[in-house]
Each structure stands twice: as structure tokens, then as C-alpha cells.
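Enquirer: Once you've had a glance at the structure underneath, I'll fire off some questions.
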Amino acid sequence: MLSKLASLYQDDTPAAHRFRYGLLAFDLGTIAFVVVTSFFPHRIAIEIIDAVLGVIILADFLVRFAIEKNKKTFMFRVATIADLIAIASFLAPIAGEGFGFLRVLRTLRLLHTYELSSRLRQDFRYFRENQEIILAAINLFVFLFVMTGLIYATQYPENPEIGNYADALYFTVTTLTTTGFGDITLQGTSGRMLSVGVMIVGVTLFLRLAQVMFRPTKVRHECPSCGLVLHDADAVHCKHCGETIRIKTEGVY
């Protein structure tokens, strides 16, 4: 049984590809559920769905732990810690449903795994041609999502200006873009530190996305000799084998 599950998580088979796409769809659906329900009082129906989602995430976590060879390293990964926090928030709502937003970190982990990213390149031409831009945009989105969730979870109980997820998202975006209208401010030292984190890290990620979009650091061109795909935009020879490569370019301005 465990070997079959390991095959679904790791192998290059049609069933494994469908399974990993299903995990990605589940993650996105979970994120959408957390966002939507943050606007409504948590009634019994929402609590039941929370518990079901928590059990599914827990089962997925236990399977990944069981098939992992280096279990000690696995337990100290950022995605693992985020999963544990999210599981607690779904199974024990008193922990604060806002921390469930950290589930988005696992979506980022899935997109960065070799198995899924390789499959996306094969199945979708747009992803293959714009992978660096897409991943840079996802990094920025994940940061925005996580910081919004943390702000919502930590400020909602004590800050009357943060009434729902939309308020936290509004503050995060205005801070990230350095607009700073000032109509919403975070309270306490922890709130100020969150604001600093949004400004420093968020602006860095935004500039990285702009750089990738308008001045890509690498271009995709397969070397006819060794198969290396990523090269400098002005490369004449492959850095891996020295083969002459002919990258189509309009020149440097």
C-alpha cells in the first residue's frame, strides 16, 4: 500500500500526474475556502468543513512523512511547519483560522517540485515559455497571501480597523506599494514589525518580478550537445560543455 502511495507522489506515470494535479487543485480550493469564509461568522457547517479539510491535510502529511527517506530533514522544512500550523488551525479553530492561510506555502512547494514543474512544462506551452515569470509572480502572490493571513490572524482580535480578510489585504497591498494611505494601521510592536517585513521583503519580490518580466536573466534554448536549457541572454557558448549556441536575439540596447 505504501509503495503505491509513494508511486503517486513521486513517479512519472499518468496516474501520478493526475494525482499531483489533484493535490494542486485541492490546495487552491482550500485557499479559496479560507478566503471566502473569512467574510462570514464561523457557524457549525463551516467548522465541519474545516475539520474535514484538516483530516485530509493530516492524511496527506502522514503519507508524505511515511514515504520520506530523510525524516529528520523533512520535519524542519518550512513547508512542513506551515502544514502543521494549518492542520492545527483547521482541526482546532481556537488556534485562529487566519493561520490557515499558511497553506499557500505548500502550493508554492508543489509548484517548485521537479515532478510537477516538469509536467507543467510538458503539458502547457505557456508555462514552458514563461516559467521564470510565472514562478516570480507566484512568489510575490504567496508572500502577499501569507502576510495578509498573518496580519488578519494577529490583528483581528484587537484591531477594530481589521474587520475581515479584505481589510488585511487592503493594508498589505497599500504597504507593499508604499502608497500608505494611513486609514489602517497595525497596533503593537508585532504589528509594526509585520509592516516593516511587508515593505522590505515585498518590494524586493516586486522588483524581482519586474526584472524577470522586462529584463530576463536567463533564456530558454536547448544546447544541441549537452541539452542545457537555461543560458545567459547574450551567451555565445554553452557554460556546461562549451558548444557554440545560436540564441535568437535582437541585441542589447
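Chain lettering (A, B, ...) mirrors the order of the C-alpha cells, residue numbering begins at 1 for each chain separately, and ligand numbering begins at 1 in order of display.
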For segment 187-191 of chain A, work out the shell of residues within 8 Å, counting only C-alpha atoms and skipping chain neighbours fewer than 3 positions away, then give it as a list in words.

Expert: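 Contacts, with the query itself left out: Ile151, Gln155, Asn159, Leu194 and Ser195 of chain A.
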
Enquirer: Of the candidates A:Ala92, A:Phe61, A:Pro224, A:Val219, which shows the shortest atom-to-atom distance to Thr80 of chain A, using only C-alpha atoms?

Expert: A:Phe61

Enquirer: So which residues touch Glu68 of chain A within 12 Å, counting only C-alpha atoms, skipping near sequence neighbours fewer than 2 positions away, as a VMD selection string?

Expert: chain A and resid 2 to 3 5 to 6 9 to 10 61 to 66 70 to 75 80

Enquirer: Give me a file of those residues, with N, CA and C atoms, as a PDB file, in the first residue's frame.

Expert:
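Output below, filename selection_10.pdb:
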```pdb
ATOM      1  N   LEU A   2       1.907   1.261   0.845  1.00  0.00           N
ATOM      2  CA  LEU A   2       2.775   2.424   0.929  1.00  0.00           C
ATOM      3  C   LEU A   2       3.528   2.649  -0.370  1.00  0.00           C
ATOM      4  N   SER A   3       3.931   1.556  -1.043  1.00  0.00           N
ATOM      5  CA  SER A   3       4.656   1.700  -2.307  1.00  0.00           C
ATOM      6  C   SER A   3       3.758   2.299  -3.385  1.00  0.00           C
ATOM      7  N   LEU A   5       1.279   4.431  -2.824  1.00  0.00           N
ATOM      8  CA  LEU A   5       1.153   5.848  -2.495  1.00  0.00           C
ATOM      9  C   LEU A   5       2.430   6.599  -2.879  1.00  0.00           C
ATOM     10  N   ALA A   6       3.587   5.995  -2.611  1.00  0.00           N
ATOM     11  CA  ALA A   6       4.853   6.618  -2.992  1.00  0.00           C
ATOM     12  C   ALA A   6       4.923   6.823  -4.492  1.00  0.00           C
ATOM     13  N   TYR A   9       3.020   9.943  -5.487  1.00  0.00           N
ATOM     14  CA  TYR A   9       3.680  11.182  -5.090  1.00  0.00           C
ATOM     15  C   TYR A   9       4.962  11.453  -5.867  1.00  0.00           C
ATOM     16  N   GLN A  10       5.618  10.401  -6.382  1.00  0.00           N
ATOM     17  CA  GLN A  10       6.970  10.569  -6.888  1.00  0.00           C
ATOM     18  C   GLN A  10       7.197  10.118  -8.328  1.00  0.00           C
ATOM     19  N   PHE A  61      -0.183  14.701   4.945  1.00  0.00           N
ATOM     20  CA  PHE A  61       1.062  14.928   5.671  1.00  0.00           C
ATOM     21  C   PHE A  61       1.659  13.606   6.168  1.00  0.00           C
ATOM     22  N   LEU A  62       0.820  12.734   6.727  1.00  0.00           N
ATOM     23  CA  LEU A  62       1.303  11.463   7.255  1.00  0.00           C
ATOM     24  C   LEU A  62       1.851  10.563   6.150  1.00  0.00           C
ATOM     25  N   VAL A  63       1.214  10.602   4.973  1.00  0.00           N
ATOM     26  CA  VAL A  63       1.711   9.798   3.853  1.00  0.00           C
ATOM     27  C   VAL A  63       3.067  10.323   3.398  1.00  0.00           C
ATOM     28  N   ARG A  64       3.187  11.645   3.233  1.00  0.00           N
ATOM     29  CA  ARG A  64       4.469  12.215   2.809  1.00  0.00           C
ATOM     30  C   ARG A  64       5.572  11.944   3.824  1.00  0.00           C
ATOM     31  N   PHE A  65       5.211  11.956   5.113  1.00  0.00           N
ATOM     32  CA  PHE A  65       6.190  11.639   6.146  1.00  0.00           C
ATOM     33  C   PHE A  65       6.615  10.170   6.063  1.00  0.00           C
ATOM     34  N   ALA A  66       5.661   9.287   5.799  1.00  0.00           N
ATOM     35  CA  ALA A  66       5.957   7.857   5.753  1.00  0.00           C
ATOM     36  C   ALA A  66       6.867   7.488   4.586  1.00  0.00           C
ATOM     37  N   ASN A  70      14.543  10.820   4.451  1.00  0.00           N
ATOM     38  CA  ASN A  70      15.221  11.595   5.493  1.00  0.00           C
ATOM     39  C   ASN A  70      14.170  12.320   6.332  1.00  0.00           C
ATOM     40  N   LYS A  71      13.646  11.638   7.322  1.00  0.00           N
ATOM     41  CA  LYS A  71      12.528  12.165   8.097  1.00  0.00           C
ATOM     42  C   LYS A  71      12.933  13.345   8.980  1.00  0.00           C
ATOM     43  N   LYS A  72      14.161  13.360   9.461  1.00  0.00           N
ATOM     44  CA  LYS A  72      14.602  14.459  10.315  1.00  0.00           C
ATOM     45  C   LYS A  72      14.636  15.770   9.523  1.00  0.00           C
ATOM     46  N   THR A  73      15.190  15.717   8.315  1.00  0.00           N
ATOM     47  CA  THR A  73      15.220  16.913   7.467  1.00  0.00           C
ATOM     48  C   THR A  73      13.809  17.338   7.089  1.00  0.00           C
ATOM     49  N   PHE A  74      12.950  16.371   6.802  1.00  0.00           N
ATOM     50  CA  PHE A  74      11.566  16.641   6.418  1.00  0.00           C
ATOM     51  C   PHE A  74      10.839  17.457   7.480  1.00  0.00           C
ATOM     52  N   MET A  75      11.072  17.138   8.763  1.00  0.00           N
ATOM     53  CA  MET A  75      10.336  17.793   9.843  1.00  0.00           C
ATOM     54  C   MET A  75      10.734  19.250  10.040  1.00  0.00           C
ATOM     55  N   THR A  80       6.743  21.952   5.787  1.00  0.00           N
ATOM     56  CA  THR A  80       6.253  21.018   6.802  1.00  0.00           C
ATOM     57  C   THR A  80       5.699  21.775   8.002  1.00  0.00           C
TER      58      THR A  80
END
```
